[in-house]
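See below for input-v4.pdb, which holds PDB, C-alpha atoms.
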MODEL        1
ATOM      1  CA  MET G   1     -19.667 -31.178 -11.252
ATOM      2  CA  LYS G   2     -19.110 -34.920 -11.770
ATOM      3  CA  LYS G   3     -17.549 -35.191  -8.320
ATOM      4  CA  THR G   4     -20.520 -33.497  -6.665
ATOM      5  CA  GLY G   5     -22.930 -35.794  -8.503
ATOM      6  CA  PHE G   6     -20.956 -38.817  -7.308
ATOM      7  CA  LEU G   7     -21.211 -37.617  -3.712
ATOM      8  CA  ILE G   8     -24.999 -37.120  -3.982
ATOM      9  CA  ALA G   9     -25.452 -40.595  -5.495
ATOM     10  CA  ALA G  10     -23.357 -42.145  -2.728
ATOM     11  CA  LEU G  11     -25.424 -40.405  -0.051
ATOM     12  CA  ARG G  12     -28.709 -41.708  -1.574
ATOM     13  CA  HIS G  13     -27.620 -45.318  -1.126
ATOM     14  CA  LEU G  14     -26.937 -44.931   2.579
ATOM     15  CA  LYS G  15     -29.455 -46.497   4.872
ATOM     16  CA  PRO G  16     -30.720 -44.472   7.793
ATOM     17  CA  ILE G  17     -28.657 -45.295  10.824
ATOM     18  CA  LYS G  18     -29.483 -44.244  14.322
ATOM     19  CA  TYR G  19     -25.897 -44.195  15.475
ATOM     20  CA  ILE G  20     -22.923 -43.229  13.313
ATOM     21  CA  SER G  21     -19.472 -44.049  14.526
ATOM     22  CA  ASN G  22     -16.795 -41.411  14.806
ATOM     23  CA  THR G  23     -14.839 -43.088  12.009
ATOM     24  CA  GLN G  24     -17.793 -42.947   9.601
ATOM     25  CA  LEU G  25     -18.447 -39.321  10.489
ATOM     26  CA  ALA G  26     -14.787 -38.416   9.929
ATOM     27  CA  LEU G  27     -14.824 -40.160   6.521
ATOM     28  CA  VAL G  28     -17.908 -38.235   5.373
ATOM     29  CA  PHE G  29     -16.433 -34.877   6.461
ATOM     30  CA  THR G  30     -13.114 -35.726   4.791
ATOM     31  CA  ALA G  31     -14.882 -36.624   1.541
ATOM     32  CA  VAL G  32     -16.841 -33.357   1.554
ATOM     33  CA  ALA G  33     -13.691 -31.339   2.320
ATOM     34  CA  VAL G  34     -11.795 -33.034  -0.520
ATOM     35  CA  MET G  35     -14.636 -32.249  -2.939
ATOM     36  CA  PHE G  36     -14.719 -28.565  -2.032
ATOM     37  CA  THR G  37     -10.928 -28.281  -2.146
ATOM     38  CA  ALA G  38     -10.764 -29.968  -5.539
ATOM     39  CA  ASN G  39     -13.432 -27.630  -6.952
ATOM     40  CA  ALA G  40     -11.755 -24.535  -5.531
ATOM     41  CA  CYS G  41      -8.317 -25.441  -6.906
ATOM     42  CA  SER G  42      -9.382 -26.655 -10.346
ATOM     43  CA  PRO G  43      -8.459 -24.386 -13.282
ATOM     44  CA  ASN G  44     -12.018 -24.565 -14.614
ATOM     45  CA  GLY G  45     -13.567 -23.707 -11.249
ATOM     46  CA  PRO G  46     -15.730 -20.710 -10.594
ATOM     47  CA  SER G  47     -12.882 -18.656  -9.148
ATOM     48  CA  SER G  48     -11.102 -18.408 -12.503
ATOM     49  CA  GLU G  49     -14.203 -16.861 -14.053
ATOM     50  CA  LEU G  50     -14.057 -13.987 -11.556
ATOM     51  CA  VAL G  51     -10.454 -13.046 -12.369
ATOM     52  CA  SER G  52     -10.340  -9.969 -14.574
ATOM     53  CA  THR G  53      -7.647  -9.445 -17.173
ATOM     54  CA  ASP G  54      -8.243  -5.681 -17.153
ATOM     55  CA  ASN G  55      -5.249  -4.075 -15.430
ATOM     56  CA  SER G  56      -6.704  -0.566 -15.465
ATOM     57  CA  ALA G  57      -8.933  -1.373 -12.479
ATOM     58  CA  ILE G  58      -5.893  -2.597 -10.537
ATOM     59  CA  LYS G  59      -3.974   0.589 -11.349
ATOM     60  CA  GLN G  60      -6.889   2.802 -10.287
ATOM     61  CA  GLN G  61      -7.299   1.193  -6.856
ATOM     62  CA  PRO G  62      -4.212   2.776  -5.191
ATOM     63  CA  GLN G  63      -5.090   6.155  -6.708
ATOM     64  CA  ALA G  64      -8.677   5.910  -5.463
ATOM     65  CA  ALA G  65      -7.436   4.873  -2.021
ATOM     66  CA  ALA G  66      -5.107   7.882  -1.906
ATOM     67  CA  GLU G  67      -7.963  10.210  -2.883
ATOM     68  CA  ILE G  68     -10.184   8.756  -0.157
ATOM     69  CA  ALA G  69      -7.437   9.159   2.447
ATOM     70  CA  ASP G  70      -6.878  12.766   1.329
ATOM     71  CA  ASN G  71     -10.620  13.495   1.549
ATOM     72  CA  ILE G  72     -10.719  12.103   5.088
ATOM     73  CA  LYS G  73      -7.780  14.312   6.114
ATOM     74  CA  ASN G  74      -9.443  17.358   4.560
ATOM     75  CA  SER G  75     -12.735  16.630   6.331
ATOM     76  CA  TYR G  76     -10.924  16.401   9.650
ATOM     77  CA  ALA G  77      -8.984  19.592   8.873
ATOM     78  CA  ARG G  78     -12.207  21.440   7.951
ATOM     79  CA  LEU G  79     -13.664  20.578  11.364
ATOM     80  CA  ALA G  80     -10.399  21.407  13.126
ATOM     81  CA  ALA G  81     -10.423  24.892  11.583
ATOM     82  CA  GLU G  82     -13.289  25.756  13.908
ATOM     83  CA  ARG G  83     -11.072  25.147  16.970
ATOM     84  CA  THR G  84      -7.938  26.989  18.028
ATOM     85  CA  ASP G  85      -6.067  24.038  19.530
ATOM     86  CA  VAL G  86      -6.591  21.248  16.958
ATOM     87  CA  CYS G  87      -4.364  20.645  13.921
ATOM     88  CA  PRO G  88      -4.173  20.292  10.938
ATOM     89  CA  LYS G  89      -6.556  22.992   9.757
ATOM     90  CA  LEU G  90      -8.123  23.685   6.383
ATOM     91  CA  VAL G  91      -8.239  27.453   5.909
ATOM     92  CA  GLN G  92     -10.114  29.236   3.140
ATOM     93  CA  GLU G  93     -10.090  32.810   2.049
ATOM     94  CA  ASP G  94     -13.379  34.684   2.061
ATOM     95  CA  ILE G  95     -14.905  35.496  -1.305
ATOM     96  CA  GLY G  96     -13.457  38.822  -2.390
ATOM     97  CA  GLY G  97     -11.003  38.779   0.507
ATOM     98  CA  ARG G  98      -7.306  38.130   0.346
ATOM     99  CA  VAL G  99      -6.364  37.929   4.020
ATOM    100  CA  ILE G 100      -6.988  34.970   6.327
ATOM    101  CA  GLU G 101      -6.601  35.963   9.963
ATOM    102  CA  ARG G 102      -6.415  33.354  12.712
ATOM    103  CA  PRO G 103      -6.133  35.135  16.083
ATOM    104  CA  ASN G 104      -5.465  33.366  19.391
ATOM    105  CA  GLU G 105      -4.345  30.058  17.877
ATOM    106  CA  VAL G 106      -2.809  27.573  20.307
ATOM    107  CA  LEU G 107       0.215  25.432  19.433
ATOM    108  CA  VAL G 108      -0.208  22.239  21.446
ATOM    109  CA  ASN G 109       2.311  20.041  19.593
ATOM    110  CA  ASP G 110       5.634  20.995  18.016
ATOM    111  CA  TYR G 111       3.937  22.175  14.811
ATOM    112  CA  CYS G 112       0.576  22.854  13.195
ATOM    113  CA  ASP G 113      -0.248  22.418   9.511
ATOM    114  CA  TYR G 114      -2.614  24.683   7.611
ATOM    115  CA  TYR G 115      -4.060  23.398   4.318
ATOM    116  CA  LEU G 116      -4.795  25.898   1.596
ATOM    117  CA  TYR G 117      -5.831  25.460  -2.041
ATOM    118  CA  LEU G 118      -4.213  27.953  -4.416
ATOM    119  CA  ARG G 119      -4.137  28.662  -8.153
ATOM    120  CA  ARG G 120      -1.211  29.352 -10.461
ATOM    121  CA  GLY G 121      -0.017  32.948 -10.346
ATOM    122  CA  GLN G 122      -1.139  33.667  -6.793
ATOM    123  CA  HIS G 123       1.321  34.864  -4.152
ATOM    124  CA  LEU G 124       1.290  33.607  -0.590
ATOM    125  CA  SER G 125       2.756  35.281   2.480
ATOM    126  CA  VAL G 126       2.509  34.208   6.114
ATOM    127  CA  ASP G 127       3.086  36.412   9.156
ATOM    128  CA  VAL G 128       3.185  35.062  12.720
ATOM    129  CA  ASN G 129       3.294  37.395  15.731
ATOM    130  CA  HIS G 130       5.447  35.045  17.838
ATOM    131  CA  ARG G 131       9.209  35.088  17.198
ATOM    132  CA  GLN G 132       9.685  31.463  18.300
ATOM    133  CA  ILE G 133       7.373  30.109  15.585
ATOM    134  CA  GLU G 134       8.671  29.731  12.050
ATOM    135  CA  ALA G 135       6.401  29.603   9.007
ATOM    136  CA  LEU G 136       7.294  27.116   6.281
ATOM    137  CA  LEU G 137       5.647  25.863   3.118
ATOM    138  CA  THR G 138       6.172  22.094   3.042
ATOM    139  CA  VAL G 139       3.970  21.005   0.113
ATOM    140  CA  PRO G 140       4.353  21.160  -2.923
ATOM    141  CA  ILE G 141       7.899  22.457  -2.327
ATOM    142  CA  PHE G 142       9.852  23.644   0.685
ATOM    143  CA  HIS G 143       9.839  27.418   1.190
ATOM    144  CA  ASP G 144      10.748  29.506   4.242
ATOM    145  CA  PHE G 145       8.453  32.540   4.521
ATOM    146  CA  ALA G 146      11.245  34.416   6.340
ATOM    147  CA  ASN G 147      12.798  34.750   2.866
ATOM    148  CA  GLY G 148       9.710  36.435   1.393
ATOM    149  CA  ASP G 149       6.439  35.407  -0.167
ATOM    150  CA  TYR G 150       5.880  32.369  -2.349
ATOM    151  CA  GLU G 151       4.561  32.439  -5.917
ATOM    152  CA  VAL G 152       2.467  29.511  -7.087
ATOM    153  CA  LEU G 153       4.223  28.502 -10.295
ATOM    154  CA  SER G 154       2.339  25.391 -11.222
ATOM    155  CA  SER G 155      -1.167  24.235 -10.615
ATOM    156  CA  TYR G 156      -1.170  22.086  -7.522
ATOM    157  CA  ASP G 157      -4.120  21.195  -5.367
ATOM    158  CA  LYS G 158      -3.048  21.386  -1.751
ATOM    159  CA  HIS G 159      -0.458  23.676  -0.225
ATOM    160  CA  VAL G 160       0.623  22.910   3.327
ATOM    161  CA  ILE G 161       1.856  25.723   5.550
ATOM    162  CA  ARG G 162       3.616  24.460   8.670
ATOM    163  CA  LEU G 163       3.978  26.650  11.724
ATOM    164  CA  ALA G 164       6.675  25.025  13.845
ATOM    165  CA  TYR G 165       8.144  25.874  17.230
ATOM    166  CA  ASP G 166      11.713  27.107  16.772
ATOM    167  CA  GLY G 167      12.680  28.219  20.275
ATOM    168  CA  ALA G 168      15.918  27.684  22.158
ATOM    169  CA  THR G 169      14.176  26.028  25.114
ATOM    170  CA  TYR G 170      11.382  23.536  25.499
ATOM    171  CA  LYS G 171       8.083  24.611  24.038
ATOM    172  CA  PRO G 172       5.470  25.752  26.546
ATOM    173  CA  LYS G 173       2.530  23.392  26.904
ATOM    174  CA  ASN G 174       0.084  25.728  25.112
ATOM    175  CA  LEU G 175       1.777  28.440  23.065
ATOM    176  CA  SER G 176      -0.625  31.176  21.911
ATOM    177  CA  TYR G 177      -0.023  33.032  18.631
ATOM    178  CA  ASP G 178      -1.744  34.966  15.851
ATOM    179  CA  VAL G 179      -1.219  34.117  12.194
ATOM    180  CA  VAL G 180      -2.107  36.136   9.100
ATOM    181  CA  ILE G 181      -2.085  34.368   5.717
ATOM    182  CA  GLU G 182      -2.290  36.673   2.722
ATOM    183  CA  VAL G 183      -3.128  35.456  -0.770
ATOM    184  CA  THR G 184      -2.706  37.975  -3.565
ATOM    185  CA  ASN G 185      -3.128  37.867  -7.342
ATOM    186  CA  LYS G 186      -0.225  39.788  -8.863
TER     187      LYS G 186
ENDMDL
END
If you took the structure in this file and wrote it as structure tokens, what would it be?
Amino acid sequence: MKKTGFLIAALRHLKPIKYISNTQLALVFTAVAVMFTANACSPNGPSSELVSTDNSAIKQQPQAAAEIADNIKNSYARLAAERTDVCPKLVQEDIGGRVIERPNEVLVNDYCDYYLYLRRGQHLSVDVNHRQIEALLTVPIFHDFANGDYEVLSSYDKHVIRLAYDGATYKPKNLSYDVVIEVTNK
């Protein structure tokens, strides 16, 4: 604050001049820049008052960012579920129903992910009508549905079912298939 007061006092004693030389102008700008730099770098400056010593806010930021990113993916997947050729898709079972049928789906890329939220104790099975498409559970653990259904052992939010092309030749540009996802409470 003393430095700023000194600068104001120095400016009051200047006489009005019609023409200022480039040297005088450079000196004034340099003095102002030095004053702002000194205030910004001083340990008692205003920036040190804004620094928080609470580390919990710092730890929560990456978690909040991950939740926001997951919500954005789910929003996109919810909209994609209305189309047959867009992936990933968020699929939901009807109330009282246990079977999710997706007829005439189109595999445009090498795989398509289906998001599903399950509870502990539920069983999940996936059946695809095309022999060149394999059904895998990739999240929370890896499971091949060719080996049977999957039992949800622990509470986990999102389960990701991946339908991937597993043919001997190149995948056709638009591969049509039907998928049936069954969720049962045993």
Starting from the shown file, work through the PyMOL selection byres ((chain G and resi 137-139) around 8) and note down what comes out as a count of residues only. 13
Answer key for the PyMOL selection byres ((chain G and resi 97-109) around 6), residues as a list in words: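 On the file shown, the PyMOL selection byres ((chain G and resi 97-109) around 6) covers Thr84, Asp85, Glu93, Asp94, Ile95, Gly96, Asp110, Tyr111, Asn174, Leu175, Ser176, Tyr177, Asp178, Val179, Val180, Ile181, Glu182 and Val183 of chain G.
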Between CA of Ala77 in chain G and CA of Ala164 in chain G, what is the distance in Å, rounded to a tenth? 17.3 Å
Point-to-point distance from CA of Asp70 in chain G to CA of Ser154 in chain G, Å rounded to tenths: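 One can read the CA of Asp70 in chain G to CA of Ser154 in chain G distance as 20.0 Å.
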Could you check which of G:Asn74, G:Gln132, G:Tyr115, G:Ile68 is closest to Val91 in chain G, using all atoms listed in the file?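 Selected residue with least distance to Val91 in chain G: G:Tyr115.
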Could you check which of G:Thr169, G:Tyr156, G:Glu67, G:Leu163 is closest to Glu134 in chain G, using only C-alpha atoms?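 Checking each of G:Thr169, G:Tyr156, G:Glu67, G:Leu163 against Glu134 in chain G, counting only C-alpha atoms, the winner is G:Leu163.
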Applying the PyMOL selection byres ((chain G and resi 124) around 9) to the file I just gave you, which residues come out? Please list them as a PDB file with C-alpha atoms, in the coordinates of the input.
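Here's the written file part.pdb:
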ATOM      1  CA  LEU G 118      -4.213  27.953  -4.416  1.00  0.00           C
ATOM      2  CA  GLN G 122      -1.139  33.667  -6.793  1.00  0.00           C
ATOM      3  CA  HIS G 123       1.321  34.864  -4.152  1.00  0.00           C
ATOM      4  CA  SER G 125       2.756  35.281   2.480  1.00  0.00           C
ATOM      5  CA  VAL G 126       2.509  34.208   6.114  1.00  0.00           C
ATOM      6  CA  PHE G 145       8.453  32.540   4.521  1.00  0.00           C
ATOM      7  CA  ASP G 149       6.439  35.407  -0.167  1.00  0.00           C
ATOM      8  CA  TYR G 150       5.880  32.369  -2.349  1.00  0.00           C
ATOM      9  CA  GLU G 151       4.561  32.439  -5.917  1.00  0.00           C
ATOM     10  CA  VAL G 152       2.467  29.511  -7.087  1.00  0.00           C
ATOM     11  CA  ILE G 181      -2.085  34.368   5.717  1.00  0.00           C
ATOM     12  CA  GLU G 182      -2.290  36.673   2.722  1.00  0.00           C
ATOM     13  CA  VAL G 183      -3.128  35.456  -0.770  1.00  0.00           C
ATOM     14  CA  THR G 184      -2.706  37.975  -3.565  1.00  0.00           C
TER      15      THR G 184
END
Report, in Å with one decimal, the straight-line distance from CA of Ala80 in chain G to CA of Gly167 in chain G. 25.1 Å
Taking into account only C-alpha atoms, which residue in the set G:Asn185, G:Pro88, G:Ala81, G:Gln63 is nearest to Cys112 in chain G? G:Pro88
Pick from G:Ile133, G:Lys173, G:Arg119, G:Pro62 nearest to Leu153 in chain G, counting all atoms listed in the file: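 Of G:Ile133, G:Lys173, G:Arg119, G:Pro62, the one nearest Leu153 in chain G, counting all atoms listed in the file, is G:Arg119.
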Assuming the input is short of atoms at range 165-183 of chain G, produce N, CA, C and O atoms for that part as a compact mmCIF listing (two decimals), in the coordinates of the input.
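Output contents, as saved in rebuild_28.txt:
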# COMPACT_ATOMS: atom_id res chain seq x y z
N TYR G 165 7.45 25.24 16.11
CA TYR G 165 8.14 25.87 17.23
C TYR G 165 9.64 25.84 16.95
O TYR G 165 10.21 24.80 16.62
N ASP G 166 10.29 26.99 17.06
CA ASP G 166 11.71 27.11 16.77
C ASP G 166 12.41 27.88 17.89
O ASP G 166 13.19 28.78 17.64
N GLY G 167 12.10 27.53 19.13
CA GLY G 167 12.68 28.22 20.27
C GLY G 167 13.93 27.52 20.77
O GLY G 167 14.22 26.38 20.40
N ALA G 168 14.68 28.22 21.61
CA ALA G 168 15.92 27.68 22.16
C ALA G 168 15.66 26.75 23.34
O ALA G 168 16.50 25.92 23.67
N THR G 169 14.51 26.87 23.96
CA THR G 169 14.18 26.03 25.11
C THR G 169 13.00 25.13 24.75
O THR G 169 12.51 25.14 23.62
N TYR G 170 12.54 24.38 25.73
CA TYR G 170 11.38 23.54 25.50
C TYR G 170 10.15 24.39 25.23
O TYR G 170 9.99 25.47 25.81
N LYS G 171 9.30 23.90 24.39
CA LYS G 171 8.08 24.61 24.04
C LYS G 171 7.13 24.60 25.23
O LYS G 171 6.95 23.59 25.88
N PRO G 172 6.51 25.75 25.50
CA PRO G 172 5.47 25.75 26.55
C PRO G 172 4.33 24.81 26.16
O PRO G 172 4.14 24.50 24.98
N LYS G 173 3.59 24.37 27.16
CA LYS G 173 2.53 23.39 26.90
C LYS G 173 1.52 23.90 25.89
O LYS G 173 1.16 23.20 24.95
N ASN G 174 1.03 25.11 26.04
CA ASN G 174 0.08 25.73 25.11
C ASN G 174 0.62 27.10 24.73
O ASN G 174 0.52 28.05 25.51
N LEU G 175 1.18 27.20 23.54
CA LEU G 175 1.78 28.44 23.06
C LEU G 175 0.75 29.19 22.21
O LEU G 175 0.29 28.67 21.20
N SER G 176 0.38 30.39 22.62
CA SER G 176 -0.62 31.18 21.91
C SER G 176 0.05 32.08 20.88
O SER G 176 1.11 32.66 21.15
N TYR G 177 -0.58 32.20 19.71
CA TYR G 177 -0.02 33.03 18.63
C TYR G 177 -1.15 33.49 17.71
O TYR G 177 -2.25 32.96 17.73
N ASP G 178 -0.85 34.49 16.91
CA ASP G 178 -1.74 34.97 15.85
C ASP G 178 -1.05 34.73 14.52
O ASP G 178 0.17 34.95 14.41
N VAL G 179 -1.79 34.33 13.52
CA VAL G 179 -1.22 34.12 12.19
C VAL G 179 -2.10 34.83 11.17
O VAL G 179 -3.32 34.84 11.28
N VAL G 180 -1.43 35.47 10.19
CA VAL G 180 -2.11 36.14 9.10
C VAL G 180 -1.55 35.54 7.80
O VAL G 180 -0.35 35.60 7.55
N ILE G 181 -2.45 34.95 7.01
CA ILE G 181 -2.08 34.37 5.72
C ILE G 181 -2.68 35.26 4.64
O ILE G 181 -3.88 35.50 4.63
N GLU G 182 -1.83 35.77 3.76
CA GLU G 182 -2.29 36.67 2.72
C GLU G 182 -2.10 36.02 1.36
O GLU G 182 -0.99 35.57 1.02
N VAL G 183 -3.15 35.99 0.58
CA VAL G 183 -3.13 35.46 -0.77
C VAL G 183 -3.44 36.59 -1.73
O VAL G 183 -4.51 37.21 -1.63
